[in-house]
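A.B. asks: Below is the file my_file-v9.txt, which contains compact mmCIF, C-alpha atoms.
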```
# COMPACT_ATOMS: atom_id res chain seq x y z
CA MET A 191 -12.89 -2.52 -91.58
CA SER A 192 -9.91 -4.04 -93.30
CA THR A 193 -7.88 -5.04 -90.25
CA LYS A 194 -10.89 -6.66 -88.66
CA ILE A 195 -11.59 -8.76 -91.76
CA ALA A 196 -7.90 -9.63 -91.95
CA GLY A 197 -8.04 -10.89 -88.37
CA LEU A 198 -11.12 -13.00 -89.11
CA ALA A 199 -9.55 -14.50 -92.24
CA LYS A 200 -6.36 -15.26 -90.34
CA LYS A 201 -8.42 -16.98 -87.68
CA ASP A 202 -10.13 -19.01 -90.40
CA GLY A 203 -6.73 -20.38 -91.38
CA TYR A 204 -5.69 -18.17 -94.28
CA LYS A 205 -1.91 -18.03 -94.12
CA ASN A 206 -1.19 -15.24 -96.55
CA VAL A 207 -3.15 -12.16 -95.47
CA LYS A 208 -2.16 -8.57 -96.13
CA VAL A 209 -3.85 -5.25 -95.43
CA TYR A 210 -3.68 -2.23 -97.70
CA LEU A 211 -3.90 0.24 -94.83
CA ASP A 212 -3.60 3.35 -97.00
CA GLY A 213 -6.79 2.19 -98.68
CA GLN A 214 -8.75 3.41 -101.64
CA PRO A 215 -8.05 7.14 -101.09
CA ALA A 216 -4.29 6.50 -101.53
CA TRP A 217 -5.01 4.33 -104.58
CA VAL A 218 -6.96 7.15 -106.21
CA LYS A 219 -4.45 9.80 -105.14
CA ALA A 220 -1.72 7.86 -106.95
CA GLY A 221 -3.77 8.31 -110.14
CA ASN A 222 -5.25 4.83 -110.30
CA MET A 223 -8.74 3.94 -111.46
CA VAL A 224 -11.73 2.68 -109.49
CA TYR A 225 -14.86 0.94 -110.78
CA ALA A 226 -18.59 1.20 -110.13
CA SER A 227 -20.62 -1.91 -109.36
CA LYS A 228 -23.12 -3.18 -111.91
CA GLY A 229 -26.10 -2.31 -109.73
CA ASN A 230 -24.90 1.25 -109.29
CA ILE A 231 -24.38 1.65 -113.04
CA ALA A 232 -27.89 0.34 -113.70
CA LYS A 233 -29.78 2.18 -110.96
CA GLY A 234 -27.58 4.52 -108.89
CA ASN A 235 -27.93 8.28 -108.70
CA ILE A 236 -24.98 8.85 -111.03
CA VAL A 237 -24.05 10.63 -114.25
CA LEU A 238 -23.22 7.83 -116.67
CA ILE A 239 -21.17 9.07 -119.62
CA ASP A 240 -20.59 7.25 -122.90
CA LEU A 241 -17.30 8.63 -124.26
CA ARG A 242 -17.57 6.85 -127.62
CA SER A 243 -18.78 8.45 -130.85
CA ILE A 244 -22.47 9.35 -131.21
CA LYS A 245 -22.71 6.77 -133.99
CA LYS A 246 -21.49 3.96 -131.75
CA SER A 247 -23.70 5.18 -128.91
CA GLU A 248 -26.78 5.12 -131.15
CA ALA A 249 -26.02 1.58 -132.20
CA GLY A 250 -25.95 0.39 -128.58
CA ARG A 251 -25.14 1.85 -125.19
CA ILE A 252 -25.62 1.21 -121.48
CA ALA A 253 -29.16 2.20 -120.44
CA ARG A 254 -29.31 5.73 -118.92
CA SER A 255 -26.06 6.84 -120.62
CA ILE A 256 -25.47 10.40 -121.64
CA SER A 257 -23.49 10.79 -124.86
CA ILE A 258 -20.41 12.97 -124.44
CA PRO A 259 -17.79 11.87 -126.99
CA TYR A 260 -14.32 12.28 -125.44
CA GLU A 261 -13.25 15.02 -127.86
CA THR A 262 -16.22 17.14 -126.68
CA LEU A 263 -15.73 16.52 -122.94
CA ASP A 264 -13.88 19.80 -122.31
CA ASP A 265 -16.74 21.79 -123.86
CA ARG A 266 -19.34 20.01 -121.74
CA LEU A 267 -17.68 20.46 -118.31
CA ASP A 268 -20.09 23.25 -117.32
CA ASP A 269 -23.00 20.82 -117.73
CA ILE A 270 -21.54 18.17 -115.45
CA PRO A 271 -22.08 18.88 -111.72
CA THR A 272 -18.78 18.60 -109.81
CA LYS A 273 -20.53 16.99 -106.85
CA ALA A 274 -22.08 14.22 -108.91
CA PRO A 275 -20.74 10.68 -108.86
CA ILE A 276 -19.62 10.14 -112.46
CA VAL A 277 -19.21 6.81 -114.22
CA LEU A 278 -17.37 6.75 -117.54
CA TYR A 279 -17.01 4.18 -120.26
CA SER A 280 -15.56 3.96 -123.72
CA ASP A 281 -14.34 1.21 -126.00
CA SER A 282 -10.72 2.05 -125.25
CA ILE A 283 -9.10 1.62 -121.85
CA GLU A 284 -6.73 4.52 -122.56
CA GLU A 285 -9.56 6.87 -123.47
CA ALA A 286 -11.59 6.06 -120.34
CA ASP A 287 -8.48 6.46 -118.15
CA GLU A 288 -7.59 9.77 -119.79
CA ALA A 289 -11.11 11.12 -119.40
CA ALA A 290 -11.11 10.12 -115.72
CA GLU A 291 -7.76 11.85 -115.20
CA ASP A 292 -9.00 14.98 -117.00
CA LEU A 293 -12.08 15.15 -114.79
CA ARG A 294 -10.06 14.58 -111.62
CA ASP A 295 -7.78 17.44 -112.70
CA GLU A 296 -10.88 19.61 -113.12
CA GLY A 297 -11.85 18.97 -109.50
CA TYR A 298 -14.30 16.08 -109.88
CA LYS A 299 -13.82 13.79 -106.93
CA LYS A 300 -16.15 10.88 -107.60
CA ILE A 301 -15.03 9.32 -110.85
CA ALA A 302 -15.46 5.62 -111.49
CA LEU A 303 -15.25 3.48 -114.62
CA VAL A 304 -17.22 0.56 -116.00
CA ALA A 305 -15.12 -2.60 -115.61
CA GLY A 306 -14.18 -3.81 -119.08
CA ASN A 307 -15.76 -0.71 -120.66
CA TYR A 308 -18.75 -1.18 -123.01
CA ALA A 309 -17.66 -4.67 -124.06
CA GLY A 310 -17.35 -5.70 -120.41
CA TRP A 311 -20.87 -4.45 -119.69
CA VAL A 312 -22.34 -6.37 -122.63
CA LYS A 313 -20.36 -9.48 -121.74
CA THR A 314 -21.79 -9.57 -118.20
CA GLY A 315 -25.34 -9.26 -119.52
CA GLY A 316 -25.90 -5.60 -118.65
CA LYS A 317 -28.92 -3.83 -120.12
CA THR A 318 -28.32 -1.82 -123.31
CA VAL A 319 -30.47 0.51 -125.39
CA THR A 320 -30.27 1.82 -128.98
CA GLY A 321 -31.56 4.86 -130.86
CA PRO A 322 -31.07 8.63 -130.63
CA VAL A 323 -28.64 9.60 -127.87
CA VAL A 324 -29.39 11.69 -124.77
CA THR A 325 -27.04 14.64 -124.28
CA ASP A 326 -28.63 16.53 -121.38
CA VAL A 327 -27.34 15.88 -117.86
CA SER A 328 -30.28 15.71 -115.45
CA TRP A 329 -28.71 14.87 -112.12
CA VAL A 330 -30.16 16.02 -108.81
CA ARG A 331 -28.23 15.58 -105.60
CA LYS A 332 -30.08 13.51 -103.02
CA LEU A 333 -30.29 15.14 -99.63
CA ALA A 334 -28.02 13.69 -96.98
CA LYS A 335 -29.43 12.53 -93.66
CA GLY A 336 -30.39 15.58 -91.62
CA GLU A 337 -30.11 17.97 -94.56
CA VAL A 338 -32.83 20.46 -95.52
CA GLY A 339 -33.53 21.08 -99.22
CA LYS A 340 -33.35 24.49 -100.83
CA GLU A 341 -37.10 24.80 -101.33
CA ASP A 342 -37.90 24.16 -97.66
CA PHE A 343 -35.05 26.39 -96.53
CA MET A 344 -36.19 29.29 -98.69
CA LYS A 345 -39.78 28.91 -97.39
CA ALA A 346 -38.46 29.48 -93.89
CA VAL A 347 -36.37 32.44 -95.11
CA SER A 348 -39.39 34.09 -96.76
CA GLY A 349 -41.57 33.54 -93.72
CA ALA A 350 -43.95 31.22 -95.61
CA ASP A 351 -43.08 28.42 -93.17
CA THR A 352 -43.61 29.72 -89.64
CA GLY A 353 -42.76 26.32 -88.17
CA ALA A 354 -39.08 26.71 -88.99
CA VAL A 355 -36.36 29.11 -87.89
CA ILE A 356 -33.14 29.98 -89.73
CA LEU A 357 -30.03 29.69 -87.57
CA ASP A 358 -26.92 31.47 -88.79
CA VAL A 359 -23.86 29.74 -87.30
CA ARG A 360 -21.20 31.82 -89.03
CA THR A 361 -18.74 33.85 -86.96
CA THR A 362 -19.85 37.21 -85.57
CA ASP A 363 -17.53 38.90 -88.09
CA GLU A 364 -19.12 37.12 -91.02
CA ALA A 365 -22.66 37.72 -89.77
CA SER A 366 -21.99 41.43 -89.28
CA GLU A 367 -21.69 41.86 -93.07
CA GLY A 368 -25.18 40.58 -93.59
CA GLY A 369 -27.49 37.62 -93.26
CA PHE A 370 -30.99 36.31 -93.87
CA LYS A 371 -33.81 38.45 -92.50
CA ASN A 372 -35.16 37.06 -89.21
CA ALA A 373 -32.30 34.60 -88.82
CA ILE A 374 -31.00 33.91 -85.34
CA ALA A 375 -27.23 34.34 -85.28
CA VAL A 376 -25.29 32.05 -82.95
CA PRO A 377 -21.73 31.19 -84.02
CA LEU A 378 -21.04 27.44 -84.15
CA ASP A 379 -18.69 27.45 -81.17
CA GLN A 380 -21.37 29.10 -78.99
CA VAL A 381 -24.30 26.87 -80.00
CA GLY A 382 -23.81 24.51 -77.05
CA SER A 383 -23.70 27.31 -74.47
CA ARG A 384 -26.49 29.49 -75.93
CA LEU A 385 -29.30 26.97 -76.29
CA ALA A 386 -31.64 29.40 -74.51
CA ASP A 387 -31.43 31.68 -77.57
CA ILE A 388 -32.66 28.96 -79.89
CA PRO A 389 -36.38 27.98 -79.84
CA LYS A 390 -36.96 24.33 -79.13
CA ASP A 391 -40.55 24.18 -80.40
CA LYS A 392 -39.63 24.90 -84.03
CA LYS A 393 -37.60 23.20 -86.70
CA ILE A 394 -34.13 24.69 -86.89
CA TYR A 395 -32.51 25.15 -90.29
CA ALA A 396 -28.83 25.88 -89.71
CA HIS A 397 -26.69 27.51 -92.38
CA CYS A 398 -23.14 28.83 -92.70
CA THR A 399 -21.24 29.64 -95.91
CA THR A 400 -20.98 26.08 -97.29
CA GLY A 401 -22.77 23.65 -94.97
CA ALA A 402 -19.87 22.21 -92.95
CA ARG A 403 -20.47 24.25 -89.81
CA ALA A 404 -24.25 23.99 -90.23
CA ASP A 405 -23.91 20.19 -90.18
CA MET A 406 -21.96 20.33 -86.91
CA ALA A 407 -24.41 22.81 -85.37
CA ALA A 408 -27.40 20.62 -86.30
CA GLN A 409 -25.72 17.60 -84.71
CA GLU A 410 -25.07 19.58 -81.54
CA LEU A 411 -28.70 20.75 -81.41
CA ASN A 412 -30.17 17.33 -82.13
CA LYS A 413 -28.06 15.97 -79.31
CA ASN A 414 -29.88 18.48 -77.08
CA GLY A 415 -33.36 17.43 -78.15
CA TYR A 416 -33.91 19.84 -81.04
CA LYS A 417 -35.28 19.06 -84.49
CA ALA A 418 -32.43 20.61 -86.41
CA PHE A 419 -31.40 20.32 -90.05
CA PHE A 420 -28.47 21.74 -92.00
CA PHE A 421 -28.49 23.53 -95.32
CA VAL A 422 -25.78 22.85 -97.90
CA ALA A 423 -25.12 25.75 -100.28
CA ASN A 424 -22.60 28.48 -100.94
CA ILE A 425 -24.06 31.52 -99.24
CA SER A 426 -22.88 35.11 -99.23
CA CYS A 427 -24.83 38.07 -97.87
CA THR A 428 -24.69 41.85 -98.02
CA GLY A 429 -27.29 43.27 -95.70
CA ASN A 430 -30.39 41.10 -96.06
CA ASP A 431 -29.51 40.36 -99.67
CA CYS A 432 -28.13 36.83 -99.81
CA THR A 433 -27.03 34.78 -102.81
CA VAL A 434 -27.57 31.03 -102.48
CA GLU A 435 -25.73 28.77 -104.89
CA ASP A 436 -25.93 24.98 -105.00
CA MET B 19 -12.91 -14.73 -59.62
CA LYS B 20 -9.27 -15.03 -60.56
CA ARG B 21 -10.02 -17.96 -62.82
CA SER B 22 -12.76 -16.13 -64.67
CA MET B 23 -10.41 -13.22 -65.28
CA ILE B 24 -7.84 -15.52 -66.80
CA LYS B 25 -10.53 -16.96 -69.03
CA LEU B 26 -11.32 -13.47 -70.18
CA ILE B 27 -7.78 -12.62 -71.22
CA PRO B 28 -7.94 -14.33 -74.63
CA PHE B 29 -11.23 -12.57 -75.19
CA PHE B 30 -9.67 -9.19 -74.54
CA ILE B 31 -6.84 -9.97 -76.91
CA MET B 32 -9.24 -11.11 -79.64
CA ALA B 33 -11.52 -8.17 -79.02
CA SER B 34 -8.67 -5.72 -79.34
CA PHE B 35 -7.98 -7.15 -82.78
CA LEU B 36 -11.62 -7.05 -83.73
CA VAL B 37 -12.31 -3.48 -82.85
CA THR B 38 -9.22 -1.88 -84.32
CA GLY B 39 -9.43 -0.99 -87.97
CA CYS B 40 -9.22 1.95 -90.25
CA ASN B 41 -11.81 4.54 -89.39
CA HIS B 42 -12.82 2.65 -86.33
CA ASP B 43 -13.47 4.30 -83.04
CA THR B 44 -12.08 2.91 -79.86
CA SER B 45 -14.33 0.94 -77.59
CA SER B 46 -13.95 0.37 -73.92
CA THR B 47 -12.78 -3.17 -74.72
CA VAL B 48 -9.51 -1.88 -76.09
CA LYS B 49 -8.99 0.18 -73.00
CA ALA B 50 -9.68 -2.90 -70.90
CA ALA B 51 -7.00 -4.78 -72.78
CA LYS B 52 -4.32 -2.19 -72.15
CA PRO B 53 -5.14 -0.23 -69.03
CA ALA B 54 -1.50 0.48 -68.20
CA ILE B 55 -0.68 2.28 -71.45
CA GLU B 56 -3.96 4.17 -71.37
CA ALA B 57 -3.35 5.50 -67.87
CA LYS B 58 0.18 6.54 -68.73
CA THR B 59 -0.88 8.45 -71.84
CA GLN B 60 -3.59 10.24 -69.96
CA LYS B 61 -1.23 11.23 -67.22
CA SER B 62 1.31 12.77 -69.59
CA LYS B 63 -1.02 14.57 -71.99
CA GLY B 64 -4.28 15.08 -70.17
CA PRO B 65 -7.70 13.69 -71.02
CA VAL B 66 -8.33 12.31 -74.45
CA TYR B 67 -11.15 11.76 -76.96
CA LYS B 68 -10.80 8.92 -79.43
CA GLY B 69 -13.22 8.43 -82.27
CA LYS B 70 -14.39 9.44 -85.67
CA VAL B 71 -14.31 13.09 -86.69
CA VAL B 72 -17.72 14.03 -88.11
CA GLY B 73 -17.06 17.68 -88.76
CA LYS B 74 -14.33 20.27 -88.79
CA SER B 75 -14.57 23.98 -89.32
CA ASN B 76 -11.46 26.09 -89.76
CA LYS B 77 -13.52 29.24 -89.54
CA ALA B 78 -15.13 28.38 -86.21
CA LYS B 79 -11.99 26.47 -85.14
CA SER B 80 -14.09 23.54 -84.00
CA ILE B 81 -13.96 19.78 -84.47
CA SER B 82 -16.91 17.45 -83.88
CA ILE B 83 -15.87 13.98 -82.83
CA VAL B 84 -18.03 10.93 -82.03
CA VAL B 85 -16.83 9.01 -79.00
CA GLY B 86 -18.21 5.83 -77.51
CA LYS B 87 -20.14 3.11 -79.26
CA GLY B 88 -23.74 2.22 -80.00
CA LYS B 89 -26.22 3.86 -77.63
CA LYS B 90 -23.45 5.45 -75.63
CA ALA B 91 -22.02 7.21 -78.69
CA LYS B 92 -22.05 10.98 -78.43
CA THR B 93 -20.78 13.88 -80.46
CA ILE B 94 -18.44 16.27 -78.71
CA MET B 95 -17.39 19.63 -80.00
CA VAL B 96 -13.75 20.43 -79.33
CA LYS B 97 -12.22 23.84 -79.99
CA PHE B 98 -8.74 24.34 -81.37
CA ASP B 99 -6.39 27.26 -81.83
CA LYS B 100 -2.98 28.07 -83.29
CA ASN B 101 -1.30 26.28 -80.39
CA THR B 102 -3.07 22.99 -81.13
CA LYS B 103 -0.63 20.51 -82.61
CA GLY B 104 -1.62 18.23 -85.51
CA VAL B 105 -4.88 19.94 -86.53
CA GLU B 106 -4.35 18.46 -90.02
CA HIS B 107 -4.89 14.98 -88.56
CA ALA B 108 -8.52 15.80 -87.81
CA ALA B 109 -10.45 15.32 -91.06
CA LYS B 110 -14.12 14.51 -91.54
CA GLY B 111 -14.72 10.78 -91.73
CA HIS B 112 -11.38 9.81 -90.22
CA ALA B 113 -10.48 8.45 -86.82
CA SER B 114 -8.51 10.73 -84.53
CA ILE B 115 -7.12 10.93 -81.05
CA ILE B 116 -7.63 14.36 -79.50
CA PHE B 117 -5.83 15.32 -76.30
CA TYR B 118 -7.56 18.25 -74.64
CA ASP B 119 -7.87 20.39 -71.57
CA MET B 120 -10.93 22.21 -70.24
CA ARG B 121 -11.11 26.00 -70.49
CA ASP B 122 -14.26 27.87 -69.43
CA GLY B 123 -16.17 24.59 -69.37
CA GLN B 124 -15.27 23.75 -72.95
CA PRO B 125 -12.75 21.20 -74.25
CA TRP B 126 -9.78 22.68 -76.15
CA ALA B 127 -7.59 20.40 -78.25
CA THR B 128 -3.91 20.46 -77.34
CA VAL B 129 -2.58 17.65 -79.54
CA ILE B 130 -4.35 15.78 -82.35
CA LYS B 131 -3.04 12.50 -83.68
CA PRO B 132 -4.34 10.15 -86.35
CA LYS B 133 -5.73 6.96 -84.90
CA LEU B 134 -3.67 4.32 -86.64
CA ALA B 135 -4.99 0.87 -87.28
CA LYS B 136 -3.18 -2.04 -85.68
CA LEU B 137 -2.43 -5.10 -87.73
CA PRO B 138 -3.54 -8.46 -86.36
CA LYS B 139 -0.68 -10.88 -85.61
CA GLY B 140 0.75 -12.54 -88.71
CA VAL B 141 -0.83 -9.97 -91.04
CA SER B 142 1.46 -7.58 -92.92
CA GLU B 143 0.86 -4.26 -94.67
CA ILE B 144 1.08 -3.70 -98.41
CA LYS B 145 1.74 -0.30 -100.00
CA THR B 146 0.22 1.25 -103.13
CA ALA B 147 3.15 0.55 -105.48
CA ASP B 148 3.40 -3.15 -104.56
CA LEU B 149 -0.34 -3.61 -104.83
CA LYS B 150 -0.36 -1.94 -108.22
CA THR B 151 2.39 -4.30 -109.40
CA LEU B 152 0.29 -7.30 -108.32
CA ILE B 153 -2.83 -5.97 -110.06
CA ASP B 154 -1.03 -4.95 -113.27
CA ALA B 155 0.65 -8.36 -113.48
CA LYS B 156 -2.79 -10.00 -113.07
CA THR B 157 -1.43 -11.94 -110.09
CA ASP B 158 -3.82 -14.55 -108.72
CA PHE B 159 -5.02 -13.13 -105.40
CA VAL B 160 -8.27 -11.99 -103.81
CA LEU B 161 -8.75 -8.27 -103.21
CA ILE B 162 -11.38 -7.57 -100.57
CA ASP B 163 -13.16 -4.26 -100.08
CA ALA B 164 -14.08 -4.11 -96.39
CA ARG B 165 -16.09 -0.88 -96.59
CA PRO B 166 -19.89 -0.81 -96.41
CA GLY B 167 -21.59 -2.21 -99.53
CA LYS B 168 -22.90 1.19 -100.62
CA ARG B 169 -19.41 2.59 -100.90
CA TYR B 170 -18.23 -0.48 -102.78
CA ALA B 171 -21.11 0.03 -105.21
CA ALA B 172 -20.11 3.64 -105.87
CA SER B 173 -16.48 2.79 -106.58
CA HIS B 174 -13.98 0.09 -105.75
CA MET B 175 -10.50 -0.99 -106.73
CA PRO B 176 -10.04 -3.16 -109.84
CA GLY B 177 -11.24 -6.72 -109.35
CA ALA B 178 -12.20 -6.21 -105.69
CA ILE B 179 -15.00 -8.18 -104.08
CA SER B 180 -17.14 -6.70 -101.30
CA ILE B 181 -17.09 -8.21 -97.84
CA GLY B 182 -18.03 -5.73 -95.12
CA THR B 183 -17.14 -6.56 -91.53
CA LYS B 184 -20.70 -7.51 -90.67
CA ALA B 185 -21.06 -9.67 -93.79
CA TYR B 186 -17.92 -11.73 -93.16
CA LYS B 187 -19.62 -14.66 -91.45
CA LYS B 188 -22.27 -14.92 -94.13
CA LYS B 189 -20.09 -14.31 -97.16
CA ALA B 190 -16.66 -15.68 -96.29
CA ALA B 191 -17.40 -19.35 -96.99
CA SER B 192 -18.65 -18.71 -100.52
CA ALA B 193 -16.57 -15.66 -101.47
CA LEU B 194 -13.14 -16.64 -100.18
CA PRO B 195 -10.96 -19.28 -101.91
CA LYS B 196 -10.82 -22.83 -100.53
CA ASP B 197 -7.03 -22.73 -100.83
CA LYS B 198 -5.88 -21.24 -97.51
CA ASP B 199 -2.45 -20.46 -98.95
CA LYS B 200 -3.87 -18.02 -101.47
CA LEU B 201 -3.01 -14.36 -100.95
CA LEU B 202 -5.85 -12.22 -99.55
CA ILE B 203 -5.54 -8.43 -99.48
CA MET B 204 -8.03 -6.31 -97.54
CA TYR B 205 -8.56 -2.57 -97.86
CA CYS B 206 -10.97 0.11 -96.71
CA GLY B 207 -11.26 3.88 -96.68
CA GLY B 208 -7.81 4.66 -95.29
CA PRO B 209 -6.37 5.04 -91.79
CA THR B 210 -6.28 8.78 -91.12
```
Could I get this file's structure written as structure tokens?
C.D. replies:
Amino acid sequence: MSTKIAGLAKKDGYKNVKVYLDGQPAWVKAGNMVYASKGNIAKGNIVLIDLRSIKKSEAGRIARSISIPYETLDDRLDDIPTKAPIVLYSDSIEEADEAAEDLRDEGYKKIALVAGNYAGWVKTGGKTVTGPVVTDVSWVRKLAKGEVGKEDFMKAVSGADTGAVILDVRTTDEASEGGFKNAIAVPLDQVGSRLADIPKDKKIYAHCTTGARADMAAQELNKNGYKAFFFVANISCTGNDCTVED
Amino acid sequence: MKRSMIKLIPFFIMASFLVTGCNHDTSSTVKAAKPAIEAKTQKSKGPVYKGKVVGKSNKAKSISIVVGKGKKAKTIMVKFDKNTKGVEHAAKGHASIIFYDMRDGQPWATVIKPKLAKLPKGVSEIKTADLKTLIDAKTDFVLIDARPGKRYAASHMPGAISIGTKAYKKKAASALPKDKDKLLIMYCGGPT
């Protein structure tokens, strides 16, 4: 943490130490840019976008780049997952900044740039490739700790996995409009006091309408000796007919 | 006995600097350093949870907060309602102070405050605009990202180097300038 490091540096004799308490979130909120590390650009689970022309991209680009020339970015928004960490580069600082601002305006929260753009990457010895460009975005979100994937969750919903139980932690009002067949409904705020209603010998897959409450419910259950996981998806149900969107 | 307590005083003071930081939960050490203030606060506003918020649901009107450290850390679910003050200060991933009272065996938040970081002695704060001026003018200083390395890798401020709290001892000698007069600026993921 920044104040701790500041204290250590001060103790080491540094006379001129300041702390930017508002931190990176305030920096980004003020419309400023942030940068991805080299290792993350080379290997991270990111969507790396080359904003330059296809011609330039074919002649040489950062390995794993997807070609989306800036003037086509608006048309490609549907192909770029909003939850994905996105790293952009161009050969113009202005263009990369503008693209980052556009994406932030569209609701993308994890936008970083390549320091020094393409030239900066080449200069620091980063790996490049040539040839026909890739235009398809193939990004898959990695499951967070304690999260259950859609495939496993749906197996429990269908009854194919008898070792797992679906726990609906939405409010009673929400659950009354519908829910998964065979789900146990215990609203989040009652989970702690109604443990007797939740089987301990099975895996518990908690869901709500987004995943936020499910996460909290799973933590509460795990604290009480359960093997609980949470499911992240936008869920809406009418009767036993539920739509599940990533 | 008395002598050993006196010996411990500098430790408490140091420790209180070490454990405070953005996003940091309070340890018992801080409480030990300032028992008087702690007792007073508790008396006026009831019992309190201090720690990192790990979940918040507006629909279920619940906040999950992690209190305590290491093996003693536990997640507590606190309810809130329209009478709870400062609900906006409880946000996932941020440190909060939650005053509560018990109703039907369950904690209900009465007042929620952001847990603000305290600056070590001789260290001052810098704001976004001033920092931007320094960066834009290519001023010679060292910008240090104190967050975990993974978060630095995903995105960091222009020109920042990564020194997490745990890595300081190992990295400081090689990463920090020899000139002790040089300006160092530390940042992390924000205070509230």
A.B. asks: What does the distance from atom CA of B:Ile162 to atom CA of B:Lys70 come to in Å, to one decimal?
C.D. replies: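 Interatomic distance here is 22.8 Å.
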A.B. asks: For chain A, list the residues within 6 Å of chain B, counting all atoms listed in the file, and write the list as number ranges by chain.
C.D. replies: A: 191-195, 197, 204-214, 224-227, 230, 302, 403, 406
A.B. asks: Go ahead and compute the interatomic distance for atom CA of A:Asp405 and atom CA of B:Lys90, in Å to one decimal.
C.D. replies: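 A separation of 20.7 Å between them.
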A.B. asks: Which residue, A:Val381, A:Asp431, A:Lys335, A:Ile252, has the smallest gap to A:Asn307 when you use only C-alpha atoms?
C.D. replies: A:Ile252
A.B. asks: To one decimal in Å, tell me the separation between atom CA of A:Ile374 and atom CA of A:Ala354.
C.D. replies: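 According to the coordinates, atom CA of A:Ile374 and atom CA of A:Ala354 are separated by 11.4 Å.
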A.B. asks: Could you list as a PyMOL selection string every residue that has an atom within 10 Å of (-22.8, 20.7, -112.9), using the file's coordinates and counting all atoms listed in the file?
C.D. replies: chain A and resi 266-274+327-330+436
A.B. asks: Env of stretch 386-394 of chain A: 9 Å cut, atoms = only C-alpha atoms, seq-sep filter 3 positions within chain, self excluded. Answer as a ChimeraX atom specification.
C.D. replies: /A:352-357,374,376,381,383,408,411,415-420
A.B. asks: Please reconstruct the missing atoms of stretch 315-326 of chain A (target: N, CA, C and O atoms) and return them as an mmCIF file, in the frame of the given file.
C.D. replies:
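Now in out_30.cif:
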```
data_model
loop_
_atom_site.group_PDB
_atom_site.id
_atom_site.type_symbol
_atom_site.label_atom_id
_atom_site.label_comp_id
_atom_site.auth_asym_id
_atom_site.auth_seq_id
_atom_site.Cartn_x
_atom_site.Cartn_y
_atom_site.Cartn_z
ATOM 1 N N GLY A 315 -23.877 -9.247 -119.394
ATOM 2 C CA GLY A 315 -25.340 -9.260 -119.520
ATOM 3 C C GLY A 315 -26.028 -7.991 -119.077
ATOM 4 O O GLY A 315 -27.227 -8.012 -118.778
ATOM 5 N N GLY A 316 -25.305 -6.869 -119.055
ATOM 6 C CA GLY A 316 -25.900 -5.600 -118.650
ATOM 7 C C GLY A 316 -26.891 -5.101 -119.698
ATOM 8 O O GLY A 316 -26.779 -5.410 -120.883
ATOM 9 N N LYS A 317 -27.866 -4.310 -119.226
ATOM 10 C CA LYS A 317 -28.920 -3.830 -120.120
ATOM 11 C C LYS A 317 -28.382 -2.728 -121.057
ATOM 12 O O LYS A 317 -27.690 -1.809 -120.615
ATOM 13 N N THR A 318 -28.729 -2.844 -122.349
ATOM 14 C CA THR A 318 -28.320 -1.820 -123.310
ATOM 15 C C THR A 318 -29.552 -1.274 -124.036
ATOM 16 O O THR A 318 -30.596 -1.916 -124.065
ATOM 17 N N VAL A 319 -29.396 -0.086 -124.588
ATOM 18 C CA VAL A 319 -30.470 0.510 -125.390
ATOM 19 C C VAL A 319 -29.875 1.043 -126.691
ATOM 20 O O VAL A 319 -28.663 1.260 -126.786
ATOM 21 N N THR A 320 -30.725 1.263 -127.698
ATOM 22 C CA THR A 320 -30.270 1.820 -128.980
ATOM 23 C C THR A 320 -31.107 3.057 -129.301
ATOM 24 O O THR A 320 -32.035 3.392 -128.569
ATOM 25 N N GLY A 321 -30.769 3.725 -130.397
ATOM 26 C CA GLY A 321 -31.560 4.860 -130.860
ATOM 27 C C GLY A 321 -30.908 6.189 -130.543
ATOM 28 O O GLY A 321 -29.770 6.220 -130.060
ATOM 29 N N PRO A 322 -31.640 7.289 -130.814
ATOM 30 C CA PRO A 322 -31.070 8.630 -130.630
ATOM 31 C C PRO A 322 -30.484 8.816 -129.240
ATOM 32 O O PRO A 322 -31.082 8.369 -128.248
ATOM 33 N N VAL A 323 -29.329 9.469 -129.150
ATOM 34 C CA VAL A 323 -28.640 9.600 -127.870
ATOM 35 C C VAL A 323 -29.244 10.709 -127.007
ATOM 36 O O VAL A 323 -29.919 11.603 -127.510
ATOM 37 N N VAL A 324 -28.988 10.635 -125.715
ATOM 38 C CA VAL A 324 -29.390 11.690 -124.770
ATOM 39 C C VAL A 324 -28.132 12.501 -124.482
ATOM 40 O O VAL A 324 -27.059 11.935 -124.250
ATOM 41 N N THR A 325 -28.230 13.820 -124.528
ATOM 42 C CA THR A 325 -27.040 14.640 -124.280
ATOM 43 C C THR A 325 -27.193 15.522 -123.040
ATOM 44 O O THR A 325 -26.215 16.056 -122.538
ATOM 45 N N ASP A 326 -28.424 15.668 -122.539
ATOM 46 C CA ASP A 326 -28.630 16.530 -121.380
ATOM 47 C C ASP A 326 -28.369 15.796 -120.068
ATOM 48 O O ASP A 326 -28.848 14.686 -119.874
#
```
